[in-house]
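*Asks:* Handing you a structure now.
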Amino acid sequence: MPWFKKTKKPRPVRPRQRSVVPEGLWVRCDGCKEIIYSKELKRNLNICPKCGHHFRIGPEERIQLLLDDGEPTVLFDGLRPTDPLGFKDTQAYKDRLKAYQKRSGTYDAIRVLAGTIDGLEVILAVMDYRFMGGSMGSVVGEAITRAAELATARRLPLVVVSASGGARMQEGVLSLMQMAKISAALARLRDARVPYVSILTDPTTGGVTASFAMLGDLNIAEPGALIGFAGPRVIEQTIRQSLPEGFQRSEFLLQKGFLDLVVPRTELKETVARCLRHLAA
């Protein structure tokens, strides 16, 4: 029998290592506030699998969603924005342009391509909300005008996907002139009886809504998209009244006759192709 007991040395307490979750692995849905696995969200075309909320997507995803597989022809890629007014607010406009061009890898908030949708040849213009809020400046106006003129000349349907905060304030009246210029080109397209389908996504506001986004032979919107001229907060402050629920959202505008269809992203390509065949006939 031992005369004494050995005292056990206390084990050193090691600090708990926190498990590091990789950034971007999970996404919170703005609709139902649920946490979604980002890969699952991407597989579902960036639509919440729980509530159907449509997340915003970039022009690359939009082009891939609408056009058939293959290499579409990029059009009017030589257009470059300038700073005719020498505009400066918190930052010089030319410096702001350079920063957005570096971040996005594009020269402005528009991409125009010639491709096919379910075998139908089309001219497709897609706005990029990530580039200065998809604002419509001289380049956006010129690109969409040229797209409409090319569609008229080739007698190919024109499809424009809008995502914009409106006219670009840094270009002043030059940006507002684009509203009339594009509308005139679309009028010539209509006179030639060539179909024009306008797809409105979240958000489509300001001078874009007040011009080409609402001039389609068919105006199609994604579910829950914010569509209007001024924002709901500005309108409430102006009229000093509470707005109805869902005001300026796709479903509300469909009820009021401003839209022809509200189509989920999963059915968009098929719907656009079917509508174009009907219009062409």
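A note on labels: chains of the structure tokens are A, B, ... as shown, every chain counts residues from 1, and ligands are counted from 1 in their shown order.
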Just the residues within 8 Å of Val263 in chain A, please, counting only C-alpha atoms, with nothing from its chain fewer than 4 positions along; format it as an MDAnalysis selection string.

*Replies:* chainID A and resid 220:223 267:268 271

*Asks:* Quick one: residues within 10 Å of Ser138 in chain A, only C-alpha atoms, excluding same-chain residues fewer than 2 positions away - as a ChimeraX atom specification?

*Replies:* /A:79-82,108,135-136,140-143,167-168,171,174-178

*Asks:* Any chance you can output those residues with N, CA and C atoms as a PDB file, in the first residue's frame?

*Replies:*
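Written output follows (again09.pdb):
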```
ATOM      1  N   LEU A  79     -18.216  50.919 -77.942  1.00  0.00           N
ATOM      2  CA  LEU A  79     -18.767  52.143 -77.341  1.00  0.00           C
ATOM      3  C   LEU A  79     -18.143  52.385 -75.974  1.00  0.00           C
ATOM      4  N   ARG A  80     -17.697  53.616 -75.734  1.00  0.00           N
ATOM      5  CA  ARG A  80     -17.052  53.964 -74.465  1.00  0.00           C
ATOM      6  C   ARG A  80     -17.685  55.233 -73.888  1.00  0.00           C
ATOM      7  N   PRO A  81     -17.928  55.263 -72.581  1.00  0.00           N
ATOM      8  CA  PRO A  81     -18.474  56.488 -71.975  1.00  0.00           C
ATOM      9  C   PRO A  81     -17.414  57.577 -71.874  1.00  0.00           C
ATOM     10  N   THR A  82     -17.857  58.831 -71.960  1.00  0.00           N
ATOM     11  CA  THR A  82     -16.957  59.975 -71.792  1.00  0.00           C
ATOM     12  C   THR A  82     -17.516  60.879 -70.691  1.00  0.00           C
ATOM     13  N   ASP A 108     -19.522  49.720 -69.674  1.00  0.00           N
ATOM     14  CA  ASP A 108     -20.722  50.438 -69.221  1.00  0.00           C
ATOM     15  C   ASP A 108     -21.790  49.433 -68.811  1.00  0.00           C
ATOM     16  N   SER A 135     -27.479  52.608 -64.442  1.00  0.00           N
ATOM     17  CA  SER A 135     -27.978  53.911 -64.891  1.00  0.00           C
ATOM     18  C   SER A 135     -27.805  54.072 -66.397  1.00  0.00           C
ATOM     19  N   MET A 136     -28.756  54.804 -66.989  1.00  0.00           N
ATOM     20  CA  MET A 136     -28.780  54.983 -68.447  1.00  0.00           C
ATOM     21  C   MET A 136     -28.041  56.261 -68.813  1.00  0.00           C
ATOM     22  N   VAL A 140     -25.420  53.526 -72.895  1.00  0.00           N
ATOM     23  CA  VAL A 140     -26.591  52.647 -72.808  1.00  0.00           C
ATOM     24  C   VAL A 140     -27.616  53.044 -73.864  1.00  0.00           C
ATOM     25  N   GLY A 141     -27.870  54.354 -73.985  1.00  0.00           N
ATOM     26  CA  GLY A 141     -28.842  54.827 -74.967  1.00  0.00           C
ATOM     27  C   GLY A 141     -28.431  54.511 -76.389  1.00  0.00           C
ATOM     28  N   GLU A 142     -27.154  54.724 -76.706  1.00  0.00           N
ATOM     29  CA  GLU A 142     -26.660  54.462 -78.058  1.00  0.00           C
ATOM     30  C   GLU A 142     -26.697  52.970 -78.373  1.00  0.00           C
ATOM     31  N   ALA A 143     -26.313  52.143 -77.398  1.00  0.00           N
ATOM     32  CA  ALA A 143     -26.276  50.691 -77.626  1.00  0.00           C
ATOM     33  C   ALA A 143     -27.678  50.136 -77.885  1.00  0.00           C
ATOM     34  N   ALA A 167     -31.980  57.330 -65.242  1.00  0.00           N
ATOM     35  CA  ALA A 167     -31.005  58.089 -66.026  1.00  0.00           C
ATOM     36  C   ALA A 167     -29.782  58.422 -65.172  1.00  0.00           C
ATOM     37  N   ARG A 168     -28.631  58.547 -65.833  1.00  0.00           N
ATOM     38  CA  ARG A 168     -27.368  58.793 -65.129  1.00  0.00           C
ATOM     39  C   ARG A 168     -27.180  60.295 -64.899  1.00  0.00           C
ATOM     40  N   GLU A 171     -24.383  62.679 -66.390  1.00  0.00           N
ATOM     41  CA  GLU A 171     -24.383  63.123 -67.778  1.00  0.00           C
ATOM     42  C   GLU A 171     -25.503  64.112 -68.064  1.00  0.00           C
ATOM     43  N   LEU A 174     -27.876  64.998 -71.313  1.00  0.00           N
ATOM     44  CA  LEU A 174     -27.463  64.019 -72.328  1.00  0.00           C
ATOM     45  C   LEU A 174     -28.046  62.642 -72.032  1.00  0.00           C
ATOM     46  N   SER A 175     -28.160  62.306 -70.746  1.00  0.00           N
ATOM     47  CA  SER A 175     -28.760  61.016 -70.393  1.00  0.00           C
ATOM     48  C   SER A 175     -30.273  61.045 -70.618  1.00  0.00           C
ATOM     49  N   LEU A 176     -30.907  62.185 -70.360  1.00  0.00           N
ATOM     50  CA  LEU A 176     -32.357  62.279 -70.572  1.00  0.00           C
ATOM     51  C   LEU A 176     -32.698  62.210 -72.056  1.00  0.00           C
ATOM     52  N   MET A 177     -31.817  62.696 -72.900  1.00  0.00           N
ATOM     53  CA  MET A 177     -32.050  62.637 -74.350  1.00  0.00           C
ATOM     54  C   MET A 177     -32.153  61.197 -74.852  1.00  0.00           C
ATOM     55  N   GLN A 178     -31.524  60.264 -74.127  1.00  0.00           N
ATOM     56  CA  GLN A 178     -31.550  58.862 -74.560  1.00  0.00           C
ATOM     57  C   GLN A 178     -32.965  58.292 -74.544  1.00  0.00           C
TER      58      GLN A 178
END
```

*Asks:* Excluding Pro195 in chain A and any residue of its chain fewer than 4 positions from it, enumerate the residues within 8 Å of it, using only C-alpha atoms, and give them as number ranges by chain.

*Replies:* A: 156-158, 189-190, 217, 276, 279-280

*Asks:* Could you please take those selected residues and save C-alpha atoms as a PDB file, in the first residue's frame?

*Replies:*
```pdb
ATOM      1  CA  LEU A 156     -34.925  40.026 -86.010  1.00  0.00           C
ATOM      2  CA  PRO A 157     -36.892  40.203 -82.753  1.00  0.00           C
ATOM      3  CA  LEU A 158     -35.465  42.533 -80.100  1.00  0.00           C
ATOM      4  CA  LEU A 189     -39.076  48.912 -85.163  1.00  0.00           C
ATOM      5  CA  ARG A 190     -42.821  48.741 -84.541  1.00  0.00           C
ATOM      6  CA  ASP A 217     -45.114  44.621 -77.623  1.00  0.00           C
ATOM      7  CA  LEU A 276     -41.855  35.585 -80.084  1.00  0.00           C
ATOM      8  CA  LEU A 279     -45.732  37.687 -82.522  1.00  0.00           C
ATOM      9  CA  ALA A 280     -43.713  36.685 -85.586  1.00  0.00           C
TER      10      ALA A 280
END
```

*Asks:* Using only C-alpha atoms, which residues sit within 12 Å of Ile117 in chain A once same-chain residues fewer than 4 positions away are excluded, as an MDAnalysis selection string?

*Replies:* chainID A and resid 63:70 72 113 121:124 156:159 268:277

*Asks:* Excluding Ser198 in chain A and its own-chain neighbours fewer than 3 positions away, which residues fall within 6 Å of it when counting only C-alpha atoms? Please give them as a compact mmCIF listing (two decimals) with C-alpha atoms, in the first residue's frame.

*Replies:*
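File written: part_5.txt
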```txt
# COMPACT_ATOMS: atom_id res chain seq x y z
CA VAL A 159 -35.36 41.46 -76.43
CA VAL A 160 -34.24 43.98 -73.80
CA ALA A 213 -38.83 49.35 -70.56
CA GLY A 216 -42.57 46.43 -75.50
CA ASN A 219 -43.90 43.67 -71.13
```

*Asks:* Near Ser162 in chain A, counting only C-alpha atoms, which residues have an atom at most 8 Å away, once you skip same-chain residues fewer than 5 positions from it, shown as a list in words?

*Replies:* Val126, Met127, Ser198, Ile199, Leu200, Thr201, Thr204, Val208 and Ala213 of chain A

*Asks:* Please report, as a PyMOL selection string, each residue of range 85-222 of chain A to which DSSP assigns alpha helix (DSSP H) when run on this structure's backbone.

*Replies:* chain A and resi 93-104+138-154+173-191+206-209

*Asks:* Using only C-alpha atoms, which residues sit within 12 Å of Lys94 in chain A once same-chain residues fewer than 5 positions away are excluded, as a PyMOL selection string?

*Replies:* chain A and resi 80-89+99-101+107+170-171
